[in-house]
$ cat structure.cif   # mmCIF, C-alpha atoms
data_query
loop_
_atom_site.group_PDB
_atom_site.id
_atom_site.type_symbol
_atom_site.label_atom_id
_atom_site.label_comp_id
_atom_site.auth_asym_id
_atom_site.auth_seq_id
_atom_site.Cartn_x
_atom_site.Cartn_y
_atom_site.Cartn_z
ATOM 1 C CA MET A 1 0.343 -50.724 -14.745
ATOM 2 C CA ALA A 2 1.818 -49.018 -11.675
ATOM 3 C CA ASP A 3 4.680 -50.548 -9.719
ATOM 4 C CA LYS A 4 4.917 -49.589 -6.039
ATOM 5 C CA VAL A 5 8.108 -50.040 -4.056
ATOM 6 C CA PHE A 6 7.870 -50.151 -0.249
ATOM 7 C CA PRO A 7 10.861 -50.003 2.095
ATOM 8 C CA SER A 8 11.687 -52.638 4.630
ATOM 9 C CA SER A 9 9.420 -52.792 7.604
ATOM 10 C CA LYS A 10 12.352 -52.587 9.984
ATOM 11 C CA PRO A 11 14.287 -49.361 10.256
ATOM 12 C CA THR A 12 18.023 -49.464 9.553
ATOM 13 C CA ALA A 13 20.219 -48.434 12.417
ATOM 14 C CA THR A 14 23.194 -46.247 11.637
ATOM 15 C CA ALA A 15 26.167 -46.224 13.885
ATOM 16 C CA ALA A 16 26.718 -42.920 15.513
ATOM 17 C CA PRO A 17 30.063 -41.635 16.543
ATOM 18 C CA GLY A 18 30.863 -43.253 19.847
ATOM 19 C CA GLY A 19 29.556 -46.694 18.935
ATOM 20 C CA SER A 20 25.815 -46.213 19.582
ATOM 21 C CA ALA A 21 23.149 -46.601 16.984
ATOM 22 C CA ALA A 22 21.019 -43.508 16.021
ATOM 23 C CA PRO A 23 17.454 -43.927 14.839
ATOM 24 C CA THR A 24 16.621 -42.806 11.334
ATOM 25 C CA THR A 25 13.425 -41.415 9.907
ATOM 26 C CA THR A 26 11.524 -43.717 7.603
ATOM 27 C CA THR A 27 10.491 -42.213 4.275
ATOM 28 C CA THR A 28 7.961 -43.943 2.103
ATOM 29 C CA THR A 29 8.506 -43.710 -1.623
ATOM 30 C CA THR A 30 5.633 -44.307 -3.986
ATOM 31 C CA THR A 31 6.321 -44.785 -7.721
ATOM 32 C CA THR A 32 3.476 -44.454 -10.127
ATOM 33 C CA THR A 33 3.633 -45.329 -13.830
ATOM 34 C CA THR A 34 1.052 -43.776 -16.046
ATOM 35 C CA ASN A 35 -0.207 -45.067 -19.385
ATOM 36 C CA GLY A 36 2.253 -42.942 -21.286
ATOM 37 C CA GLY A 37 5.225 -44.505 -19.546
ATOM 38 C CA THR A 38 6.018 -41.494 -17.355
ATOM 39 C CA THR A 39 7.078 -42.349 -13.817
ATOM 40 C CA LYS A 40 6.158 -40.021 -10.960
ATOM 41 C CA SER A 41 7.747 -40.327 -7.570
ATOM 42 C CA HIS A 42 6.029 -39.121 -4.380
ATOM 43 C CA LEU A 43 7.830 -38.812 -1.083
ATOM 44 C CA ILE A 44 5.689 -39.236 2.045
ATOM 45 C CA ASN A 45 7.192 -38.119 5.333
ATOM 46 C CA PRO A 46 4.869 -38.978 8.237
ATOM 47 C CA THR A 47 6.784 -36.764 10.676
ATOM 48 C CA ALA A 48 6.669 -33.606 8.530
ATOM 49 C CA ARG A 49 4.606 -30.642 9.986
ATOM 50 C CA LEU A 50 1.707 -29.484 7.879
ATOM 51 C CA PRO A 51 1.700 -25.779 6.943
ATOM 52 C CA TYR A 52 -0.561 -23.536 9.122
ATOM 53 C CA ARG A 53 -3.522 -22.073 7.342
ATOM 54 C CA PRO A 54 -5.424 -19.483 9.439
ATOM 55 C CA GLN A 55 -9.185 -19.704 9.437
ATOM 56 C CA PRO A 56 -11.154 -16.687 8.162
ATOM 57 C CA HIS A 57 -12.037 -14.245 10.940
ATOM 58 C CA ASN A 58 -15.759 -13.969 11.685
ATOM 59 C CA ARG A 59 -16.345 -10.248 12.343
ATOM 60 C CA ARG A 60 -20.087 -10.573 12.683
ATOM 61 C CA ARG A 61 -19.725 -12.696 15.792
ATOM 62 C CA ASN A 62 -17.586 -10.065 17.574
ATOM 63 C CA TYR A 63 -19.692 -7.018 16.682
ATOM 64 C CA ARG A 64 -23.117 -8.518 17.335
ATOM 65 C CA PRO A 65 -23.125 -7.969 21.158
ATOM 66 C CA ARG A 66 -22.048 -4.320 20.760
ATOM 67 C CA ARG A 67 -24.711 -3.657 18.140
ATOM 68 C CA ASN A 68 -27.406 -5.222 20.311
ATOM 69 C CA TYR A 69 -26.309 -3.047 23.226
ATOM 70 C CA CYS A 70 -26.607 0.155 21.147
ATOM 71 C CA CYS A 71 -30.053 -0.840 19.885
ATOM 72 C CA CYS A 72 -31.271 -1.473 23.432
ATOM 73 C CA CYS A 73 -29.951 1.894 24.615
ATOM 74 C CA CYS A 74 -31.661 3.759 21.747
ATOM 75 C CA PHE A 75 -34.919 1.944 22.390
ATOM 76 C CA TRP A 76 -34.989 2.842 26.093
ATOM 77 C CA ILE A 77 -34.006 6.464 25.468
ATOM 78 C CA ILE A 78 -36.788 6.914 22.912
ATOM 79 C CA LEU A 79 -39.262 5.209 25.225
ATOM 80 C CA ILE A 80 -38.335 7.486 28.157
ATOM 81 C CA ILE A 81 -38.675 10.614 25.972
ATOM 82 C CA LEU A 82 -42.100 9.522 24.760
ATOM 83 C CA VAL A 83 -43.272 8.798 28.309
ATOM 84 C CA LEU A 84 -42.065 12.212 29.539
ATOM 85 C CA ALA A 85 -43.752 13.989 26.622
ATOM 86 C CA LEU A 86 -46.985 12.142 27.375
ATOM 87 C CA LEU A 87 -46.825 13.115 31.055
ATOM 88 C CA VAL A 88 -46.199 16.784 30.182
ATOM 89 C CA ALA A 89 -49.122 16.798 27.733
ATOM 90 C CA ILE A 90 -51.452 15.214 30.289
ATOM 91 C CA THR A 91 -50.385 17.671 33.015
ATOM 92 C CA GLY A 92 -50.820 20.655 30.699
ATOM 93 C CA THR A 93 -54.267 19.475 29.632
ATOM 94 C CA VAL A 94 -55.398 19.011 33.237
ATOM 95 C CA LEU A 95 -54.133 22.453 34.267
ATOM 96 C CA TYR A 96 -55.711 24.062 31.208
ATOM 97 C CA VAL A 97 -59.088 22.522 32.064
ATOM 98 C CA LEU A 98 -58.795 23.656 35.688
ATOM 99 C CA TYR A 99 -57.625 27.241 35.116
ATOM 100 C CA ARG A 100 -59.068 28.103 31.669
ATOM 101 C CA PRO A 101 -56.731 30.983 30.623
ATOM 102 C CA HIS A 102 -58.338 33.878 28.706
ATOM 103 C CA ARG A 103 -57.040 36.988 26.990
ATOM 104 C CA PRO A 104 -57.434 40.346 28.717
ATOM 105 C CA SER A 105 -60.213 42.613 27.490
ATOM 106 C CA PHE A 106 -60.186 46.376 26.820
ATOM 107 C CA THR A 107 -63.055 48.829 26.496
ATOM 108 C CA LEU A 108 -63.190 52.370 25.162
ATOM 109 C CA ALA A 109 -65.668 54.011 27.530
ATOM 110 C CA SER A 110 -65.671 57.512 26.051
ATOM 111 C CA LEU A 111 -63.898 59.778 23.578
ATOM 112 C CA ARG A 112 -64.241 63.549 23.631
ATOM 113 C CA ILE A 113 -63.015 65.735 20.791
ATOM 114 C CA HIS A 114 -61.798 69.101 22.027
ATOM 115 C CA ARG A 115 -60.184 70.216 18.798
ATOM 116 C CA LEU A 116 -60.217 68.960 15.228
ATOM 117 C CA LYS A 117 -59.158 71.685 12.829
ATOM 118 C CA LEU A 118 -57.739 71.487 9.337
ATOM 119 C CA LYS A 119 -56.349 74.763 7.991
ATOM 120 C CA THR A 120 -55.216 75.146 4.412
ATOM 121 C CA ALA A 121 -53.290 78.059 2.952
ATOM 122 C CA VAL A 122 -54.926 80.311 0.382
ATOM 123 C CA ASP A 123 -52.762 78.950 -2.400
ATOM 124 C CA SER A 124 -53.384 75.368 -1.150
ATOM 125 C CA SER A 125 -49.672 74.851 -0.872
ATOM 126 C CA THR A 126 -49.723 73.693 2.756
ATOM 127 C CA SER A 127 -52.295 72.275 5.170
ATOM 128 C CA HIS A 128 -52.041 72.047 8.949
ATOM 129 C CA LEU A 129 -53.968 69.644 11.210
ATOM 130 C CA SER A 130 -54.496 70.363 14.892
ATOM 131 C CA THR A 131 -56.300 67.845 17.131
ATOM 132 C CA LEU A 132 -56.943 67.218 20.820
ATOM 133 C CA PHE A 133 -58.827 64.160 22.094
ATOM 134 C CA ASN A 134 -59.600 62.888 25.577
ATOM 135 C CA LEU A 135 -60.105 59.158 26.143
ATOM 136 C CA THR A 136 -61.391 56.951 28.940
ATOM 137 C CA LEU A 137 -60.119 53.369 28.765
ATOM 138 C CA SER A 138 -60.671 50.316 30.940
ATOM 139 C CA SER A 139 -58.793 47.009 31.104
ATOM 140 C CA LYS A 140 -60.082 43.790 32.670
ATOM 141 C CA ASN A 141 -58.298 40.561 33.539
ATOM 142 C CA PRO A 142 -60.845 37.698 33.391
ATOM 143 C CA ASN A 143 -58.419 35.113 34.829
ATOM 144 C CA SER A 144 -58.281 34.180 38.503
ATOM 145 C CA HIS A 145 -54.771 32.699 38.588
ATOM 146 C CA PHE A 146 -53.015 34.887 35.993
ATOM 147 C CA SER A 147 -51.660 38.411 36.217
ATOM 148 C CA PHE A 148 -50.585 40.677 33.343
ATOM 149 C CA SER A 149 -47.782 43.226 33.526
ATOM 150 C CA TYR A 150 -47.989 45.910 30.802
ATOM 151 C CA ASP A 151 -45.298 48.263 29.559
ATOM 152 C CA PRO A 152 -46.247 51.865 28.688
ATOM 153 C CA PHE A 153 -48.773 52.062 25.830
ATOM 154 C CA VAL A 154 -48.402 54.029 22.612
ATOM 155 C CA ILE A 155 -51.819 55.253 21.452
ATOM 156 C CA SER A 156 -52.597 56.272 17.890
ATOM 157 C CA CYS A 157 -55.864 57.701 16.568
ATOM 158 C CA VAL A 158 -56.410 57.273 12.834
ATOM 159 C CA THR A 159 -59.282 57.471 10.402
ATOM 160 C CA SER A 160 -60.932 54.158 9.564
ATOM 161 C CA ASN A 161 -61.152 54.803 5.820
ATOM 162 C CA GLY A 162 -57.767 56.215 4.853
ATOM 163 C CA ASP A 163 -55.666 55.446 7.959
ATOM 164 C CA VAL A 164 -54.784 59.124 8.294
ATOM 165 C CA LEU A 165 -52.969 59.722 11.581
ATOM 166 C CA ILE A 166 -54.746 62.457 13.510
ATOM 167 C CA GLY A 167 -53.376 62.011 17.041
ATOM 168 C CA ASN A 168 -50.790 60.346 19.297
ATOM 169 C CA GLY A 169 -50.696 59.697 23.024
ATOM 170 C CA THR A 170 -49.324 57.468 25.778
ATOM 171 C CA LEU A 171 -50.653 55.380 28.656
ATOM 172 C CA PRO A 172 -48.507 54.543 31.715
ATOM 173 C CA ALA A 173 -47.428 51.019 32.585
ATOM 174 C CA PHE A 174 -49.546 49.029 35.016
ATOM 175 C CA VAL A 175 -50.128 45.528 36.427
ATOM 176 C CA SER A 176 -53.490 43.774 36.174
ATOM 177 C CA ASP A 177 -53.968 41.029 38.769
ATOM 178 C CA GLY A 178 -56.544 38.268 38.634
ATOM 179 C CA LYS A 179 -60.166 39.426 38.262
ATOM 180 C CA GLU A 180 -59.046 43.054 38.403
ATOM 181 C CA GLU A 181 -60.406 45.929 36.330
ATOM 182 C CA SER A 182 -58.357 49.088 35.733
ATOM 183 C CA THR A 183 -59.811 52.369 34.411
ATOM 184 C CA PHE A 184 -57.806 55.256 32.955
ATOM 185 C CA ARG A 185 -59.468 58.646 32.586
ATOM 186 C CA GLY A 186 -58.226 61.760 30.880
ATOM 187 C CA VAL A 187 -55.888 60.032 28.405
ATOM 188 C CA THR A 188 -54.796 62.763 26.014
ATOM 189 C CA VAL A 189 -54.282 62.197 22.311
ATOM 190 C CA ALA A 190 -53.134 65.217 20.307
ATOM 191 C CA SER A 191 -51.439 66.153 17.067
ATOM 192 C CA SER A 192 -50.159 69.246 15.309
ATOM 193 C CA SER A 193 -48.601 68.509 11.951
ATOM 194 C CA ASP A 194 -48.529 69.500 8.308
ATOM 195 C CA LEU A 195 -50.268 67.235 5.824
ATOM 196 C CA ASP A 196 -49.523 66.541 2.190
ATOM 197 C CA ALA A 197 -52.077 67.043 -0.580
ATOM 198 C CA GLU A 198 -53.073 63.362 -0.810
ATOM 199 C CA THR A 199 -53.763 63.121 2.930
ATOM 200 C CA VAL A 200 -55.817 66.305 2.867
ATOM 201 C CA ASN A 201 -57.907 64.997 -0.019
ATOM 202 C CA ASN A 202 -58.700 61.854 1.990
ATOM 203 C CA LEU A 203 -59.529 63.698 5.212
ATOM 204 C CA ARG A 204 -61.432 66.785 4.028
ATOM 205 C CA PRO A 205 -64.561 64.993 2.669
ATOM 206 C CA GLU A 206 -65.133 63.288 6.022
ATOM 207 C CA LEU A 207 -64.809 66.544 7.930
ATOM 208 C CA LYS A 208 -67.405 68.264 5.734
ATOM 209 C CA THR A 209 -70.052 65.541 5.907
ATOM 210 C CA GLY A 210 -72.610 65.594 8.692
ATOM 211 C CA ASN A 211 -72.247 61.906 9.435
ATOM 212 C CA GLY A 212 -69.017 62.466 11.329
ATOM 213 C CA VAL A 213 -65.529 61.045 11.022
ATOM 214 C CA SER A 214 -64.963 57.291 11.338
ATOM 215 C CA LEU A 215 -62.139 56.866 13.818
ATOM 216 C CA LYS A 216 -60.007 53.980 15.015
ATOM 217 C CA VAL A 217 -57.859 53.877 18.157
ATOM 218 C CA GLU A 218 -54.795 51.608 18.194
ATOM 219 C CA MET A 219 -52.751 50.837 21.327
ATOM 220 C CA ASP A 220 -49.407 49.038 21.205
ATOM 221 C CA THR A 221 -47.307 47.749 24.098
ATOM 222 C CA LYS A 222 -45.585 44.654 25.507
ATOM 223 C CA VAL A 223 -46.976 42.386 28.205
ATOM 224 C CA THR A 224 -45.809 39.560 30.462
ATOM 225 C CA ALA A 225 -48.161 36.936 31.891
ATOM 226 C CA LYS A 226 -47.464 35.281 35.230
ATOM 227 C CA MET A 227 -48.990 32.324 37.071
ATOM 228 C CA GLY A 228 -47.403 31.412 40.370
ATOM 229 C CA GLY A 229 -43.760 30.658 39.631
ATOM 230 C CA LEU A 230 -44.284 30.462 35.863
ATOM 231 C CA MET A 231 -43.728 33.540 33.720
ATOM 232 C CA SER A 232 -43.965 34.067 29.983
ATOM 233 C CA LYS A 233 -41.612 36.021 27.789
ATOM 234 C CA LYS A 234 -42.415 39.644 27.072
ATOM 235 C CA VAL A 235 -44.437 39.752 23.853
ATOM 236 C CA GLY A 236 -46.126 42.462 21.835
ATOM 237 C CA ILE A 237 -49.826 43.205 22.098
ATOM 238 C CA ARG A 238 -52.061 45.453 19.980
ATOM 239 C CA ILE A 239 -55.527 46.626 20.952
ATOM 240 C CA THR A 240 -57.646 48.008 18.101
ATOM 241 C CA CYS A 241 -60.903 49.816 18.900
ATOM 242 C CA ASP A 242 -62.909 50.348 15.717
ATOM 243 C CA GLY A 243 -66.398 51.641 14.967
ATOM 244 C CA ILE A 244 -66.044 55.117 16.542
ATOM 245 C CA LYS A 245 -68.009 58.030 15.082
ATOM 246 C CA GLY A 246 -66.510 61.436 15.854
ATOM 247 C CA VAL A 247 -67.892 64.894 15.041
ATOM 248 C CA VAL A 248 -66.178 68.236 14.663
ATOM 249 C CA PRO A 249 -66.758 70.343 17.808
ATOM 250 C CA LYS A 250 -68.599 73.637 17.418
ATOM 251 C CA GLY A 251 -67.439 76.467 19.602
ATOM 252 C CA LYS A 252 -65.415 75.865 22.748
ATOM 253 C CA LEU A 253 -67.365 72.917 24.059
ATOM 254 C CA PRO A 254 -65.957 69.430 23.316
ATOM 255 C CA ALA A 255 -67.918 67.032 21.154
ATOM 256 C CA ALA A 256 -68.563 63.516 22.426
ATOM 257 C CA ALA A 257 -67.900 60.796 19.922
ATOM 258 C CA ASN A 258 -70.297 57.890 19.561
ATOM 259 C CA VAL A 259 -68.563 54.825 21.016
ATOM 260 C CA SER A 260 -71.622 52.631 21.510
ATOM 261 C CA GLY A 261 -70.698 50.525 18.470
ATOM 262 C CA ALA A 262 -66.975 50.455 19.230
ATOM 263 C CA LYS A 263 -65.390 47.027 19.586
ATOM 264 C CA CYS A 264 -61.871 46.493 20.894
ATOM 265 C CA LYS A 265 -59.943 43.574 19.463
ATOM 266 C CA VAL A 266 -56.923 42.206 21.327
ATOM 267 C CA ASP A 267 -54.144 40.770 19.172
ATOM 268 C CA LEU A 268 -52.073 38.777 21.641
ATOM 269 C CA ARG A 269 -50.185 35.493 21.581
ATOM 270 C CA ILE A 270 -48.638 34.497 24.897
ATOM 271 C CA LYS A 271 -47.176 31.091 25.747
ATOM 272 C CA ILE A 272 -46.842 29.921 29.354
ATOM 273 C CA TRP A 273 -45.456 26.408 29.399
ATOM 274 C CA LYS A 274 -47.650 24.794 26.694
ATOM 275 C CA TRP A 275 -50.600 27.200 26.957
ATOM 276 C CA THR A 276 -51.323 29.783 24.275
ATOM 277 C CA PHE A 277 -53.572 32.782 24.828
#

$ encode --input "structure.cif" --output "C-alpha cells"
Amino acid sequence: MADKVFPSSKPTATAAPGGSAAPTTTTTTTTTTTNGGTTKSHLINPTARLPYRPQPHNRRRNYRPRRNYCCCCCFWIILIILVLALLVAITGTVLYVLYRPHRPSFTLASLRIHRLKLKTAVDSSTSHLSTLFNLTLSSKNPNSHFSFSYDPFVISCVTSNGDVLIGNGTLPAFVSDGKEESTFRGVTVASSSDLDAETVNNLRPELKTGNGVSLKVEMDTKVTAKMGGLMSKKVGIRITCDGIKGVVPKGKLPAAANVSGAKCKVDLRIKIWKWTF
C-alpha cells in the first residue's frame, strides 16, 4: 500500500538578512511504495518551466499558393497560344478560299532541230556528238494576286529512254505578274562533246530508226513568290517537258520536232505564310 506525505498547507517563512521574511517555493513530494517494497520519490515543482518542443513545420501549407499561381500561369499561356493558332488557321483558310493560289504553268510551243550528228572514228575508239536545237517556250501565271520572280534557267535536253545529254542552254531571268503570259523565242540548246561507248550504244539505235528520237527538256531555276507585303523564300523549281519526238534533219533545213503530245510538269513547293503551292 502506498503512503503519501504532503507538506504543510502554510508556507514557512525564512528570515532574510535585514530582518524581513523571504517567501519560499513549495515543493510537493510524493512517495509511492510498490508491491515489492521499493519506494519511489517524485518531486513536483509547480513553478518549473516546461521544456519547449517545436511543432513540425508544415511545408505543404507554405508552397500551395505558389504552386497554384504557377498552374494558373501555365493554363493561361497555353490557352492564349491555342487561341492565336486557331485565329491564324481561320485567317489562312479564309484567304486561301478567296485567292486560290495555283502553280505557274509552262508550255513547249515548238522545237526545231538544226543539227544532230553523231560521228564515230573508223576504229570506233571515239565518238563525237554535235547538236543544235531551237526552242520556243511560254510561261503563264494563273494567279491574280501573286507574282513570280525567276532566276536564270538552266535548260538540258536529254533522251527519254537512256537520259543521254544531247544539249544545254540558258534562259534569262524574268518576273511573271498576275495573269501574265511570257513567251521566249529562239532559245538555243547546243552541245559538242565526246561520248563513251556505252552512251553511243544507247543513242545510235534511236538515231537510225525512222520513228525519231524521244526527247525530254528539263529546266531548273529558283523562284520567289510574292503577294502584297508577303514574300516566300527562294526555292528550287524544275520544269520537265516529256513526250517530244525529234527527227534527224536532212540537208540544211531544220527538222521540226513533234511537240503535240508534250506535257510540261512543274515540280514546285512554295510556302507563303501557311499556303503551299

$ atom_distance --input "structure.cif" --atom1 "CA of Arg100 in chain A" --atom2 "CA of Gly236 in chain A"
21.7 Å

$ resolve_selection --input "structure.cif" --expression "the PyMOL selection byres ((chain A and resi 157-165) around 6)" --output "list of chain:residue names"
A:Ser156, A:Ile166, A:Gly167, A:Ser214, A:Leu215, A:Lys216, A:Val217

$ residues_around --input "structure.cif" --residues "Ser193 in chain A" --least-positions-apart "3" --cutoff "12 Å" --atoms "all atoms listed in the file" --output "VMD selection string"
chain A and resid 117 to 119 126 to 131 164 to 168 190 196 199 to 200

$ resolve_selection --input "structure.cif" --expression "the PyMOL selection byres ((chain A and resi 105) around 6)" --output "compact mmCIF listing (two decimals) with C-alpha atoms, keeping the file's coordinate frame"
# COMPACT_ATOMS: atom_id res chain seq x y z
CA PRO A 104 -57.43 40.35 28.72
CA PHE A 106 -60.19 46.38 26.82
CA SER A 139 -58.79 47.01 31.10
CA LYS A 140 -60.08 43.79 32.67

$ closest_residue --input "structure.cif" --among "A:Val248, A:Val154, A:Ala121, A:Ala109" --to "Cys264 in chain A" --atoms "all atoms listed in the file"
A:Ala109

$ atom_distance --input "structure.cif" --atom1 "CA of Ile237 in chain A" --atom2 "CA of Thr183 in chain A"
18.3 Å

$ atom_distance --input "structure.cif" --atom1 "CA of Leu203 in chain A" --atom2 "CA of Phe153 in chain A"
26.0 Å

$ residues_near_point --input "structure.cif" --point "(-61.2, 57.8, 21.6)" --cutoff "8 Å" --atoms "only C-alpha atoms" --output "ChimeraX atom specification"
/A:108,110-112,133-136,157,215-217,244,257,259

$ write_last_selection --input "structure.cif" --atoms "C-alpha atoms" --output "CSV table (one decimal), keeping the file's coordinate frame"
chain,number,residue,atom,x,y,z
A,108,LEU,CA,-63.2,52.4,25.2
A,110,SER,CA,-65.7,57.5,26.1
A,111,LEU,CA,-63.9,59.8,23.6
A,112,ARG,CA,-64.2,63.5,23.6
A,133,PHE,CA,-58.8,64.2,22.1
A,134,ASN,CA,-59.6,62.9,25.6
A,135,LEU,CA,-60.1,59.2,26.1
A,136,THR,CA,-61.4,57.0,28.9
A,157,CYS,CA,-55.9,57.7,16.6
A,215,LEU,CA,-62.1,56.9,13.8
A,216,LYS,CA,-60.0,54.0,15.0
A,217,VAL,CA,-57.9,53.9,18.2
A,244,ILE,CA,-66.0,55.1,16.5
A,257,ALA,CA,-67.9,60.8,19.9
A,259,VAL,CA,-68.6,54.8,21.0

$ closest_residue --input "structure.cif" --among "A:Leu132, A:Val223, A:Ala89, A:Ala173" --to "Thr188 in chain A" --atoms "all atoms listed in the file"
A:Leu132

$ build_atoms --input "structure.cif" --residues "range 107-128 of chain A" --atoms "N, CA, C and O atoms" --output "tab-separated table (two decimals), in the coordinates of the input"
chain	number	residue	atom	x	y	z
A	107	THR	N	-61.82	48.13	26.87
A	107	THR	CA	-63.06	48.83	26.50
A	107	THR	C	-62.76	50.32	26.39
A	107	THR	O	-62.09	50.89	27.27
A	108	LEU	N	-63.26	50.91	25.33
A	108	LEU	CA	-63.19	52.37	25.16
A	108	LEU	C	-64.51	52.95	25.67
A	108	LEU	O	-65.54	52.85	25.03
A	109	ALA	N	-64.45	53.53	26.89
A	109	ALA	CA	-65.67	54.01	27.53
A	109	ALA	C	-66.16	55.32	26.92
A	109	ALA	O	-67.38	55.51	26.73
A	110	SER	N	-65.25	56.22	26.61
A	110	SER	CA	-65.67	57.51	26.05
A	110	SER	C	-64.53	58.14	25.28
A	110	SER	O	-63.34	57.83	25.53
A	111	LEU	N	-64.87	59.01	24.36
A	111	LEU	CA	-63.90	59.78	23.58
A	111	LEU	C	-64.49	61.16	23.34
A	111	LEU	O	-65.56	61.29	22.73
A	112	ARG	N	-63.80	62.16	23.81
A	112	ARG	CA	-64.24	63.55	23.63
A	112	ARG	C	-63.25	64.29	22.73
A	112	ARG	O	-62.04	64.21	22.93
A	113	ILE	N	-63.83	64.99	21.76
A	113	ILE	CA	-63.02	65.74	20.79
A	113	ILE	C	-63.04	67.19	21.19
A	113	ILE	O	-64.08	67.86	21.10
A	114	HIS	N	-61.90	67.69	21.65
A	114	HIS	CA	-61.80	69.10	22.03
A	114	HIS	C	-61.40	69.98	20.84
A	114	HIS	O	-61.81	71.15	20.78
A	115	ARG	N	-60.63	69.42	19.95
A	115	ARG	CA	-60.18	70.22	18.80
A	115	ARG	C	-59.94	69.29	17.62
A	115	ARG	O	-59.28	68.26	17.76
A	116	LEU	N	-60.44	69.68	16.48
A	116	LEU	CA	-60.22	68.96	15.23
A	116	LEU	C	-60.31	69.96	14.09
A	116	LEU	O	-61.36	70.20	13.51
A	117	LYS	N	-59.20	70.60	13.80
A	117	LYS	CA	-59.16	71.68	12.83
A	117	LYS	C	-58.17	71.37	11.72
A	117	LYS	O	-57.05	70.91	11.99
A	118	LEU	N	-58.59	71.64	10.52
A	118	LEU	CA	-57.74	71.49	9.34
A	118	LEU	C	-57.69	72.82	8.63
A	118	LEU	O	-58.70	73.30	8.09
A	119	LYS	N	-56.53	73.46	8.63
A	119	LYS	CA	-56.35	74.76	7.99
A	119	LYS	C	-55.48	74.61	6.75
A	119	LYS	O	-54.43	73.96	6.80
A	120	THR	N	-55.94	75.21	5.68
A	120	THR	CA	-55.22	75.15	4.41
A	120	THR	C	-54.89	76.56	3.96
A	120	THR	O	-55.73	77.48	4.08
A	121	ALA	N	-53.71	76.74	3.43
A	121	ALA	CA	-53.29	78.06	2.95
A	121	ALA	C	-54.14	78.48	1.76
A	121	ALA	O	-54.80	77.66	1.11
A	122	VAL	N	-54.11	79.77	1.47
A	122	VAL	CA	-54.93	80.31	0.38
A	122	VAL	C	-54.52	79.69	-0.95
A	122	VAL	O	-55.37	79.36	-1.79
A	123	ASP	N	-53.23	79.54	-1.14
A	123	ASP	CA	-52.76	78.95	-2.40
A	123	ASP	C	-52.77	77.42	-2.38
A	123	ASP	O	-52.27	76.80	-3.33
A	124	SER	N	-53.30	76.84	-1.29
A	124	SER	CA	-53.38	75.37	-1.15
A	124	SER	C	-52.03	74.69	-1.19
A	124	SER	O	-51.92	73.50	-1.53
A	125	SER	N	-51.01	75.44	-0.85
A	125	SER	CA	-49.67	74.85	-0.87
A	125	SER	C	-49.41	74.01	0.37
A	125	SER	O	-48.72	72.99	0.31
A	126	THR	N	-49.93	74.43	1.50
A	126	THR	CA	-49.72	73.69	2.76
A	126	THR	C	-51.05	73.57	3.50
A	126	THR	O	-51.95	74.40	3.35
A	127	SER	N	-51.13	72.51	4.32
A	127	SER	CA	-52.30	72.28	5.17
A	127	SER	C	-51.80	71.83	6.54
A	127	SER	O	-50.86	71.03	6.65
A	128	HIS	N	-52.46	72.34	7.58
A	128	HIS	CA	-52.04	72.05	8.95
A	128	HIS	C	-53.22	71.45	9.71
A	128	HIS	O	-54.33	71.97	9.67
